[in-house]
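One structure is given here, and the rest of the page talks about it.
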Amino acid sequence: MKAAKASPRGPFSAIAVPMMTPQDILNGAGAMANVEFVSAYPNRPLRAEDAYAAFTGDVLANLLTHCGWQVTREYYVNDAGPQADALARGIFARLTNAEHFEDSETTAITEAVRAAIASDLLQSGEETWLPDVRRAAIAAALASIKADLASLNVRFDVFTPDTNVAAESALPKLLQSFASKGLLTDASGAPLAEAPAKPTGRLMLDTPQLGDARKRPLTGAEGRYTYFAYDLAYHQHKLARGFSLLVDVFRKDYGSYGPGLAAGVSVMSAGKAELQTSLLEPVLGARREDAPPALGELLAYYGAQSLRRLYLSHEAGTPLELACDADTRQALQAAEDTHLAALALPAAQTPEALLEGYAAALKASMTEKTPQSLMAYTDTLATALTEAGAASVRAKAQLTQCRHLLGLT
């Protein structure tokens, strides 16, 4: 890994900011990479936008593995904090007053946990029932999520719960490490040599020293830790496991969030690790004012493989508009038929020019953290081979490899 020159400003100047070159990415050489994707809150089944993250993260993990990285596919499980408590309270309300609620995603989870909750527990105070109901609700929701992922043919190596990260206990030490590097400031911008044991006001991480556009709040006006601070603690947990490349798959509206997180990773790893992000376009219905179809409906209509192709073929830079459309389904099947026809062609020499785009497509997909370049090349190659009416062993091997990397086999 090559590193940029350190900032000349402040105590942090001794720490270099890593900048992986495209060649670094294409030559993992056995280093460890973590790809975190989907990570939807465990309070509902997966949705159409989650499938976009699932397919994208799956392909990026395949690509990194192909390039020599030791890859861990990670799903972060938010099983602690206010949202998990809110889910537990919603489940409790439905367990004790079911007739007052209409069918919903929360109602479905309620029915899944009903048998696991003892009736006498529901007669106790919240401090008694909340942990058990929360645990059962998260487990039921996560079981549903894992079933959805299996339907998409997407696997994970690890599901990391927030309770294992223990961010709340890790943050005071983390803030002190920022202070020792001259990167912790108060709300006025004044640097702090010591982090308060219990923050009572706004604290900022001075990430512009690393090229970020603005400082990042670590606590709010009343001293409560921000989502960004908790996210840093989670990424520190990843770094402690030895990863030198972290890849996060985010929605595009997180685009301004990523640079601050990347700067934080650089600080926490002393310049030895790098965070890169894959930003996904919005997922909309065919009429933009409508929500996209439910994931189960999309899977039933297209099937997992065609649905994957639909997501990976979508034009980067534009919203992904989804509908259960007969013409779209026919086009997706026709593209698959072209791939299979190319693989069944008689053997003959294939012009080298047809195969030269592979390296560029692989590099683009890896450095841009998007599978679309490789998907487009694979379709182009299959079409060219079928039009030629013959394919060399090398051409078929390349097409097969592309399909494997894209998860189409």
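Residues are referred to by chain and number: the chain letter is A, B, ... according to the order shown in the structure tokens, the number counts from 1 in that chain, and ligands are numbered separately from 1 in the order shown.
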
#### Entry: Near-segment 252-263 of chain A list (6 Å; only C-alpha atoms; drop same-chain fewer than 2 positions) as a VMD selection string
chain A and resid 265 to 266 275 279 to 281

Residues just named, written with N, CA, C and O atoms as a short mmCIF file (atom, residue, chain, number, x, y, z; two decimals), in the first residue's frame:
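Printed below is out35.cif as written:
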```cif
data_model
loop_
_atom_site.label_atom_id
_atom_site.label_comp_id
_atom_site.auth_asym_id
_atom_site.auth_seq_id
_atom_site.Cartn_x
_atom_site.Cartn_y
_atom_site.Cartn_z
N VAL A 265 -11.23 6.37 10.16
CA VAL A 265 -10.54 5.08 10.04
C VAL A 265 -9.05 5.29 9.90
O VAL A 265 -8.23 4.57 10.49
N SER A 266 -8.66 6.29 9.13
CA SER A 266 -7.24 6.58 8.96
C SER A 266 -6.60 6.95 10.29
O SER A 266 -5.50 6.50 10.62
N LEU A 275 -10.66 3.02 4.38
CA LEU A 275 -12.09 2.78 4.15
C LEU A 275 -12.47 3.31 2.78
O LEU A 275 -12.14 4.44 2.43
N LEU A 279 -21.43 3.57 -3.34
CA LEU A 279 -22.64 4.38 -3.17
C LEU A 279 -23.71 3.93 -4.16
O LEU A 279 -23.49 3.93 -5.37
N LEU A 280 -24.87 3.56 -3.64
CA LEU A 280 -25.95 3.01 -4.46
C LEU A 280 -26.97 4.08 -4.81
O LEU A 280 -27.33 4.92 -3.98
N GLU A 281 -27.44 4.02 -6.04
CA GLU A 281 -28.47 4.94 -6.49
C GLU A 281 -29.80 4.65 -5.78
O GLU A 281 -30.02 3.53 -5.28
#
```

#### Entry: Shell around Glu222 of chain A at 8 Å using only C-alpha atoms, local window under 3 positions removed, as a ChimeraX atom specification
/A:199-202,219

Keeping only all heavy atoms, take the residues you just selected and write them out as a compact mmCIF listing (two decimals), in the first residue's frame.
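part-v5.txt written:
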```txt
# COMPACT_ATOMS: atom_id res chain seq x y z
N PRO A 199 -18.91 13.54 28.42
CA PRO A 199 -19.15 14.79 27.69
C PRO A 199 -20.46 15.46 28.13
O PRO A 199 -21.45 14.79 28.40
CB PRO A 199 -19.23 14.34 26.23
CG PRO A 199 -18.49 13.04 26.19
CD PRO A 199 -18.75 12.39 27.52
N THR A 200 -20.42 16.78 28.20
CA THR A 200 -21.62 17.55 28.53
C THR A 200 -21.98 18.54 27.43
O THR A 200 -22.99 19.23 27.52
CB THR A 200 -21.41 18.32 29.84
OG1 THR A 200 -20.24 19.17 29.72
CG2 THR A 200 -21.21 17.36 31.01
N GLY A 201 -21.13 18.65 26.41
CA GLY A 201 -21.38 19.56 25.31
C GLY A 201 -20.89 18.97 24.00
O GLY A 201 -20.49 17.81 23.94
N ARG A 202 -20.91 19.79 22.95
CA ARG A 202 -20.53 19.31 21.63
C ARG A 202 -19.02 19.15 21.52
O ARG A 202 -18.25 20.03 21.91
CB ARG A 202 -21.02 20.28 20.56
CG ARG A 202 -20.87 19.74 19.13
CD ARG A 202 -21.39 20.74 18.10
NE ARG A 202 -22.78 21.08 18.32
CZ ARG A 202 -23.81 20.32 17.93
NH1 ARG A 202 -23.59 19.17 17.32
NH2 ARG A 202 -25.05 20.72 18.15
N THR A 219 -20.26 14.39 19.61
CA THR A 219 -21.34 14.48 20.58
C THR A 219 -22.24 15.64 20.19
O THR A 219 -21.83 16.56 19.49
CB THR A 219 -20.82 14.70 22.01
OG1 THR A 219 -20.10 15.94 22.05
CG2 THR A 219 -19.90 13.57 22.45
```

### Task
Fewer than 6 positions away in the same chain doesn't count, so skip those; otherwise give me all residues within 8 Å of segment 379-382 of chain A, counting only C-alpha atoms, as a VMD selection string.
chain A and resid 335 338 to 339 342 354 to 355 399

Could you turn the residues from that selection into a file that holds C-alpha atoms, as a CSV table (one decimal), in the first residue's frame?
```csv
chain,number,residue,atom,x,y,z
A,335,ALA,CA,-29.4,-11.8,-22.0
A,338,THR,CA,-27.0,-15.2,-25.0
A,339,HIS,CA,-24.5,-16.0,-22.3
A,342,ALA,CA,-21.9,-18.3,-26.2
A,354,LEU,CA,-12.7,-9.1,-28.0
A,355,LEU,CA,-11.0,-10.1,-24.8
A,399,LEU,CA,-16.9,-15.5,-19.9
```

### Message
DSSP on the backbone, alpha helix (DSSP H) only: what residues of segment 36-67 of chain A does that give? Format it as a ChimeraX atom specification.
### Response
/A:48-66

Could those selected residues go to a file with all heavy atoms, as a CSV table (one decimal), in the first residue's frame?
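This is the output file result_16.csv:
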```
chain,number,residue,atom,x,y,z
A,48,ALA,N,-36.6,-3.8,-1.4
A,48,ALA,CA,-36.0,-3.8,-2.7
A,48,ALA,C,-34.7,-3.0,-2.6
A,48,ALA,O,-33.7,-3.4,-3.3
A,48,ALA,CB,-36.9,-3.1,-3.7
A,49,GLU,N,-34.6,-2.0,-1.9
A,49,GLU,CA,-33.3,-1.3,-1.8
A,49,GLU,C,-32.2,-2.1,-1.1
A,49,GLU,O,-31.0,-2.0,-1.4
A,49,GLU,CB,-33.5,0.1,-1.0
A,49,GLU,CG,-33.9,-0.1,0.4
A,49,GLU,CD,-34.1,1.3,1.1
A,49,GLU,OE1,-34.3,2.3,0.4
A,49,GLU,OE2,-34.0,1.3,2.3
A,50,ASP,N,-32.6,-3.0,-0.2
A,50,ASP,CA,-31.7,-3.9,0.5
A,50,ASP,C,-31.1,-4.9,-0.5
A,50,ASP,O,-29.9,-5.3,-0.4
A,50,ASP,CB,-32.3,-4.6,1.7
A,50,ASP,CG,-32.9,-3.6,2.7
A,50,ASP,OD1,-32.2,-2.7,3.1
A,50,ASP,OD2,-34.1,-3.8,3.1
A,51,ALA,N,-31.9,-5.3,-1.4
A,51,ALA,CA,-31.4,-6.3,-2.5
A,51,ALA,C,-30.3,-5.6,-3.3
A,51,ALA,O,-29.4,-6.3,-3.7
A,51,ALA,CB,-32.6,-6.7,-3.3
A,52,TYR,N,-30.4,-4.3,-3.6
A,52,TYR,CA,-29.4,-3.6,-4.3
A,52,TYR,C,-28.1,-3.7,-3.6
A,52,TYR,O,-27.0,-4.0,-4.1
A,52,TYR,CB,-29.8,-2.2,-4.5
A,52,TYR,CG,-29.1,-1.4,-5.6
A,52,TYR,CD1,-28.1,-2.0,-6.4
A,52,TYR,CD2,-29.4,-0.1,-5.9
A,52,TYR,CE1,-27.5,-1.3,-7.4
A,52,TYR,CE2,-28.8,0.6,-6.9
A,52,TYR,CZ,-27.8,0.0,-7.7
A,52,TYR,OH,-27.2,0.7,-8.7
A,53,ALA,N,-28.1,-3.5,-2.3
A,53,ALA,CA,-26.9,-3.6,-1.5
A,53,ALA,C,-26.4,-5.0,-1.4
A,53,ALA,O,-25.2,-5.2,-1.4
A,53,ALA,CB,-27.2,-3.0,0.0
A,54,ALA,N,-27.3,-6.0,-1.3
A,54,ALA,CA,-26.9,-7.4,-1.2
A,54,ALA,C,-26.2,-7.8,-2.5
A,54,ALA,O,-25.1,-8.4,-2.4
A,54,ALA,CB,-28.2,-8.2,-1.0
A,55,PHE,N,-26.7,-7.5,-3.6
A,55,PHE,CA,-26.1,-8.0,-4.9
A,55,PHE,C,-24.8,-7.2,-5.1
A,55,PHE,O,-23.8,-7.8,-5.5
A,55,PHE,CB,-27.0,-7.7,-6.1
A,55,PHE,CG,-28.2,-8.6,-6.1
A,55,PHE,CD1,-29.5,-8.0,-6.4
A,55,PHE,CD2,-28.2,-9.9,-5.8
A,55,PHE,CE1,-30.6,-8.8,-6.5
A,55,PHE,CE2,-29.3,-10.7,-5.9
A,55,PHE,CZ,-30.5,-10.2,-6.2
A,56,THR,N,-24.7,-5.9,-4.8
A,56,THR,CA,-23.5,-5.2,-5.0
A,56,THR,C,-22.4,-5.6,-4.0
A,56,THR,O,-21.3,-5.9,-4.5
A,56,THR,CB,-23.8,-3.7,-4.7
A,56,THR,OG1,-24.8,-3.2,-5.7
A,56,THR,CG2,-22.5,-2.9,-4.9
A,57,GLY,N,-22.7,-5.8,-2.8
A,57,GLY,CA,-21.7,-6.2,-1.8
A,57,GLY,C,-21.2,-7.6,-2.1
A,57,GLY,O,-20.0,-7.9,-2.0
A,58,ASP,N,-22.1,-8.5,-2.6
A,58,ASP,CA,-21.8,-9.9,-2.9
A,58,ASP,C,-20.7,-9.9,-4.0
A,58,ASP,O,-19.7,-10.6,-4.0
A,58,ASP,CB,-23.0,-10.6,-3.3
A,58,ASP,CG,-22.7,-12.1,-3.5
A,58,ASP,OD1,-22.2,-12.8,-2.7
A,58,ASP,OD2,-23.1,-12.6,-4.7
A,59,VAL,N,-21.0,-9.1,-5.1
A,59,VAL,CA,-20.0,-9.0,-6.2
A,59,VAL,C,-18.7,-8.4,-5.8
A,59,VAL,O,-17.6,-8.9,-6.2
A,59,VAL,CB,-20.7,-8.3,-7.4
A,59,VAL,CG1,-19.7,-8.1,-8.5
A,59,VAL,CG2,-21.9,-9.0,-7.9
A,60,LEU,N,-18.7,-7.3,-5.0
A,60,LEU,CA,-17.5,-6.7,-4.6
A,60,LEU,C,-16.7,-7.7,-3.8
A,60,LEU,O,-15.4,-7.7,-3.9
A,60,LEU,CB,-17.8,-5.5,-3.8
A,60,LEU,CG,-18.4,-4.3,-4.5
A,60,LEU,CD1,-18.7,-3.1,-3.6
A,60,LEU,CD2,-17.5,-3.8,-5.7
A,61,ALA,N,-17.3,-8.5,-2.9
A,61,ALA,CA,-16.6,-9.5,-2.2
A,61,ALA,C,-16.0,-10.5,-3.1
A,61,ALA,O,-14.8,-11.0,-2.9
A,61,ALA,CB,-17.5,-10.1,-1.1
A,62,ASN,N,-16.7,-10.9,-4.1
A,62,ASN,CA,-16.2,-11.9,-5.1
A,62,ASN,C,-15.0,-11.3,-5.8
A,62,ASN,O,-13.9,-12.0,-6.0
A,62,ASN,CB,-17.2,-12.2,-6.2
A,62,ASN,CG,-18.3,-13.1,-5.6
A,62,ASN,OD1,-18.2,-13.7,-4.6
A,62,ASN,ND2,-19.5,-13.2,-6.3
A,63,LEU,N,-15.0,-10.0,-6.2
A,63,LEU,CA,-14.0,-9.4,-6.9
A,63,LEU,C,-12.7,-9.3,-6.0
A,63,LEU,O,-11.6,-9.5,-6.5
A,63,LEU,CB,-14.4,-8.0,-7.4
A,63,LEU,CG,-15.4,-8.0,-8.5
A,63,LEU,CD1,-16.0,-6.6,-8.7
A,63,LEU,CD2,-14.8,-8.4,-9.8
A,64,LEU,N,-12.9,-8.9,-4.8
A,64,LEU,CA,-11.7,-8.8,-3.9
A,64,LEU,C,-11.1,-10.1,-3.7
A,64,LEU,O,-9.8,-10.2,-3.7
A,64,LEU,CB,-12.2,-8.1,-2.6
A,64,LEU,CG,-12.5,-6.6,-2.6
A,64,LEU,CD1,-13.2,-6.2,-1.4
A,64,LEU,CD2,-11.2,-5.8,-2.8
A,65,THR,N,-11.9,-11.1,-3.5
A,65,THR,CA,-11.3,-12.5,-3.3
A,65,THR,C,-10.6,-12.9,-4.6
A,65,THR,O,-9.4,-13.4,-4.5
A,65,THR,CB,-12.5,-13.5,-3.1
A,65,THR,OG1,-13.2,-13.1,-1.9
A,65,THR,CG2,-11.9,-14.9,-2.9
A,66,HIS,N,-11.1,-12.6,-5.7
A,66,HIS,CA,-10.4,-12.9,-7.0
A,66,HIS,C,-9.1,-12.2,-7.1
A,66,HIS,O,-8.1,-12.8,-7.7
A,66,HIS,CB,-11.3,-12.5,-8.2
A,66,HIS,CG,-10.7,-12.7,-9.5
A,66,HIS,ND1,-10.4,-13.9,-10.1
A,66,HIS,CD2,-10.3,-11.7,-10.4
A,66,HIS,CE1,-9.9,-13.7,-11.3
A,66,HIS,NE2,-9.8,-12.4,-11.5
```

### Task
Output as a ChimeraX atom specification all residues of segment 24-241 of chain A that backbone DSSP marks as strand (DSSP E or B).
/A:32-36,70-77,158-161,184-186,191,203-205,216-217,219,225

Determine, using only C-alpha atoms, which residues of segment 249-271 of chain A have any atom at most 12 Å from an atom of segment 179-187 of chain A, and tabulate each with its shortest atom pair and distance in Å to one decimal place, rows ordered by chain and then rising number, as JSON lines.
```
{"residue": "A:Ala263", "atom": "CA", "partner": "A:Leu183", "partner_atom": "CA", "distance": 11.1}
{"residue": "A:Gly264", "atom": "CA", "partner": "A:Leu183", "partner_atom": "CA", "distance": 10.2}
{"residue": "A:Val267", "atom": "CA", "partner": "A:Lys181", "partner_atom": "CA", "distance": 8.7}
{"residue": "A:Met268", "atom": "CA", "partner": "A:Lys181", "partner_atom": "CA", "distance": 10.3}
{"residue": "A:Ala270", "atom": "CA", "partner": "A:Lys181", "partner_atom": "CA", "distance": 10.3}
```

Using the selection just defined, write its residues with all heavy atoms as a PDB file, in the first residue's frame.
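What follows is the written file part.pdb:
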```pdb
ATOM      1  N   ALA A 263     -11.809   9.317   7.075  1.00  0.00           N
ATOM      2  CA  ALA A 263     -10.789  10.044   7.834  1.00  0.00           C
ATOM      3  C   ALA A 263     -10.642   9.450   9.229  1.00  0.00           C
ATOM      4  O   ALA A 263      -9.526   9.292   9.739  1.00  0.00           O
ATOM      5  CB  ALA A 263     -11.164  11.523   7.916  1.00  0.00           C
ATOM      6  N   GLY A 264     -11.768   9.113   9.862  1.00  0.00           N
ATOM      7  CA  GLY A 264     -11.723   8.509  11.184  1.00  0.00           C
ATOM      8  C   GLY A 264     -10.999   7.177  11.184  1.00  0.00           C
ATOM      9  O   GLY A 264     -10.220   6.877  12.100  1.00  0.00           O
ATOM     10  N   VAL A 267      -7.305   7.768  11.086  1.00  0.00           N
ATOM     11  CA  VAL A 267      -6.786   8.156  12.396  1.00  0.00           C
ATOM     12  C   VAL A 267      -6.665   6.943  13.304  1.00  0.00           C
ATOM     13  O   VAL A 267      -5.623   6.701  13.929  1.00  0.00           O
ATOM     14  CB  VAL A 267      -7.714   9.205  13.052  1.00  0.00           C
ATOM     15  CG1 VAL A 267      -7.239   9.503  14.481  1.00  0.00           C
ATOM     16  CG2 VAL A 267      -7.741  10.480  12.240  1.00  0.00           C
ATOM     17  N   MET A 268      -7.733   6.162  13.384  1.00  0.00           N
ATOM     18  CA  MET A 268      -7.772   5.043  14.331  1.00  0.00           C
ATOM     19  C   MET A 268      -6.753   3.956  13.990  1.00  0.00           C
ATOM     20  O   MET A 268      -6.263   3.262  14.878  1.00  0.00           O
ATOM     21  CB  MET A 268      -9.184   4.455  14.380  1.00  0.00           C
ATOM     22  CG  MET A 268     -10.222   5.402  14.961  1.00  0.00           C
ATOM     23  SD  MET A 268     -11.869   4.666  15.153  1.00  0.00           S
ATOM     24  CE  MET A 268     -12.305   4.275  13.455  1.00  0.00           C
ATOM     25  N   ALA A 270      -3.865   4.578  12.511  1.00  0.00           N
ATOM     26  CA  ALA A 270      -2.555   5.213  12.336  1.00  0.00           C
ATOM     27  C   ALA A 270      -2.092   5.117  10.889  1.00  0.00           C
ATOM     28  O   ALA A 270      -0.913   4.903  10.609  1.00  0.00           O
ATOM     29  CB  ALA A 270      -1.520   4.594  13.277  1.00  0.00           C
TER      30      ALA A 270
END
```

### Query
Contacts of Leu142 of chain A at 9 Å or less, counting only C-alpha atoms, minus same-chain residues fewer than 6 places along, as a ChimeraX atom specification?
/A:41-45,77

### Message
I'd like the interatomic distance between atom CA of Phe159 of chain A and atom CA of Tyr75 of chain A, to a tenth of an Å.
### Response
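Rounded to one decimal, the two atoms are 4.7 Å apart.
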
Neighbouring residues of Glu321 of chain A were defined as those with any atom within 9 Å, considering only C-alpha atoms; residues of the same chain fewer than 5 positions away were excluded. Please report them as a PDB file with all heavy atoms, in the first residue's frame.
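In the end it all went to result_7.pdb:
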```pdb
ATOM      1  N   PRO A 282     -30.711   5.628  -5.733  1.00  0.00           N
ATOM      2  CA  PRO A 282     -32.022   5.382  -5.113  1.00  0.00           C
ATOM      3  C   PRO A 282     -32.790   4.289  -5.857  1.00  0.00           C
ATOM      4  O   PRO A 282     -32.650   4.120  -7.070  1.00  0.00           O
ATOM      5  CB  PRO A 282     -32.729   6.737  -5.260  1.00  0.00           C
ATOM      6  CG  PRO A 282     -31.640   7.733  -5.466  1.00  0.00           C
ATOM      7  CD  PRO A 282     -30.548   7.020  -6.185  1.00  0.00           C
ATOM      8  N   VAL A 283     -33.595   3.548  -5.119  1.00  0.00           N
ATOM      9  CA  VAL A 283     -34.458   2.514  -5.698  1.00  0.00           C
ATOM     10  C   VAL A 283     -35.896   3.005  -5.596  1.00  0.00           C
ATOM     11  O   VAL A 283     -36.390   3.284  -4.500  1.00  0.00           O
ATOM     12  CB  VAL A 283     -34.286   1.174  -4.955  1.00  0.00           C
ATOM     13  CG1 VAL A 283     -35.231   0.126  -5.524  1.00  0.00           C
ATOM     14  CG2 VAL A 283     -32.845   0.702  -5.048  1.00  0.00           C
ATOM     15  N   LEU A 284     -36.547   3.128  -6.748  1.00  0.00           N
ATOM     16  CA  LEU A 284     -37.885   3.704  -6.823  1.00  0.00           C
ATOM     17  C   LEU A 284     -38.840   2.750  -7.520  1.00  0.00           C
ATOM     18  O   LEU A 284     -38.425   1.758  -8.120  1.00  0.00           O
ATOM     19  CB  LEU A 284     -37.849   5.035  -7.592  1.00  0.00           C
ATOM     20  CG  LEU A 284     -36.813   6.078  -7.161  1.00  0.00           C
ATOM     21  CD1 LEU A 284     -36.793   7.234  -8.152  1.00  0.00           C
ATOM     22  CD2 LEU A 284     -37.114   6.579  -5.760  1.00  0.00           C
ATOM     23  N   GLY A 285     -40.122   3.076  -7.449  1.00  0.00           N
ATOM     24  CA  GLY A 285     -41.104   2.363  -8.247  1.00  0.00           C
ATOM     25  C   GLY A 285     -41.049   2.844  -9.687  1.00  0.00           C
ATOM     26  O   GLY A 285     -40.377   3.828 -10.014  1.00  0.00           O
ATOM     27  N   ALA A 286     -41.764   2.159 -10.573  1.00  0.00           N
ATOM     28  CA  ALA A 286     -41.776   2.556 -11.983  1.00  0.00           C
ATOM     29  C   ALA A 286     -42.305   3.980 -12.142  1.00  0.00           C
ATOM     30  O   ALA A 286     -41.835   4.742 -12.980  1.00  0.00           O
ATOM     31  CB  ALA A 286     -42.613   1.587 -12.802  1.00  0.00           C
ATOM     32  N   ARG A 287     -43.294   4.312 -11.336  1.00  0.00           N
ATOM     33  CA  ARG A 287     -43.714   5.708 -11.209  1.00  0.00           C
ATOM     34  C   ARG A 287     -43.026   6.235  -9.956  1.00  0.00           C
ATOM     35  O   ARG A 287     -43.189   5.694  -8.873  1.00  0.00           O
ATOM     36  CB  ARG A 287     -45.223   5.820 -11.067  1.00  0.00           C
ATOM     37  CG  ARG A 287     -45.988   5.376 -12.298  1.00  0.00           C
ATOM     38  CD  ARG A 287     -47.449   5.717 -12.194  1.00  0.00           C
ATOM     39  NE  ARG A 287     -48.050   5.246 -10.943  1.00  0.00           N
ATOM     40  CZ  ARG A 287     -49.274   5.592 -10.542  1.00  0.00           C
ATOM     41  NH1 ARG A 287     -50.021   6.382 -11.284  1.00  0.00           N
ATOM     42  NH2 ARG A 287     -49.762   5.115  -9.404  1.00  0.00           N
ATOM     43  N   ARG A 288     -42.238   7.247 -10.103  1.00  0.00           N
ATOM     44  CA  ARG A 288     -41.320   7.657  -9.041  1.00  0.00           C
ATOM     45  C   ARG A 288     -42.024   7.996  -7.740  1.00  0.00           C
ATOM     46  O   ARG A 288     -41.427   7.942  -6.667  1.00  0.00           O
ATOM     47  CB  ARG A 288     -40.469   8.841  -9.503  1.00  0.00           C
ATOM     48  CG  ARG A 288     -39.516   8.466 -10.622  1.00  0.00           C
ATOM     49  CD  ARG A 288     -38.438   9.499 -10.794  1.00  0.00           C
ATOM     50  NE  ARG A 288     -37.433   9.075 -11.765  1.00  0.00           N
ATOM     51  CZ  ARG A 288     -36.265   9.658 -11.913  1.00  0.00           C
ATOM     52  NH1 ARG A 288     -35.951  10.702 -11.168  1.00  0.00           N
ATOM     53  NH2 ARG A 288     -35.403   9.222 -12.808  1.00  0.00           N
ATOM     54  N   PRO A 292     -41.233   0.971  -4.648  1.00  0.00           N
ATOM     55  CA  PRO A 292     -40.972  -0.199  -5.495  1.00  0.00           C
ATOM     56  C   PRO A 292     -41.744  -1.406  -4.971  1.00  0.00           C
ATOM     57  O   PRO A 292     -42.170  -1.428  -3.812  1.00  0.00           O
ATOM     58  CB  PRO A 292     -39.458  -0.395  -5.369  1.00  0.00           C
ATOM     59  CG  PRO A 292     -39.086   0.246  -4.073  1.00  0.00           C
ATOM     60  CD  PRO A 292     -40.037   1.392  -3.888  1.00  0.00           C
TER      61      PRO A 292
END
```

### Task
Show which residues sit within 9 Å of Pro217 of chain A, as a list in words. Count only C-alpha atoms, and ignore same-chain residues fewer than 4 positions away.
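Near Pro217 of chain A, the qualifying residues are Ala187, Arg202, Leu203, Met204, Leu205, Tyr225, Thr226, Phe228 and Ala229 of chain A.
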
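When atom CA of Ala147 of chain A is paired with atom CA of Ser278 of chain A, their separation reads 24.4 Å.
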
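Interatomic distance, atom CA of Val154 of chain A against atom CA of Ala167 of chain A: 27.9 Å.
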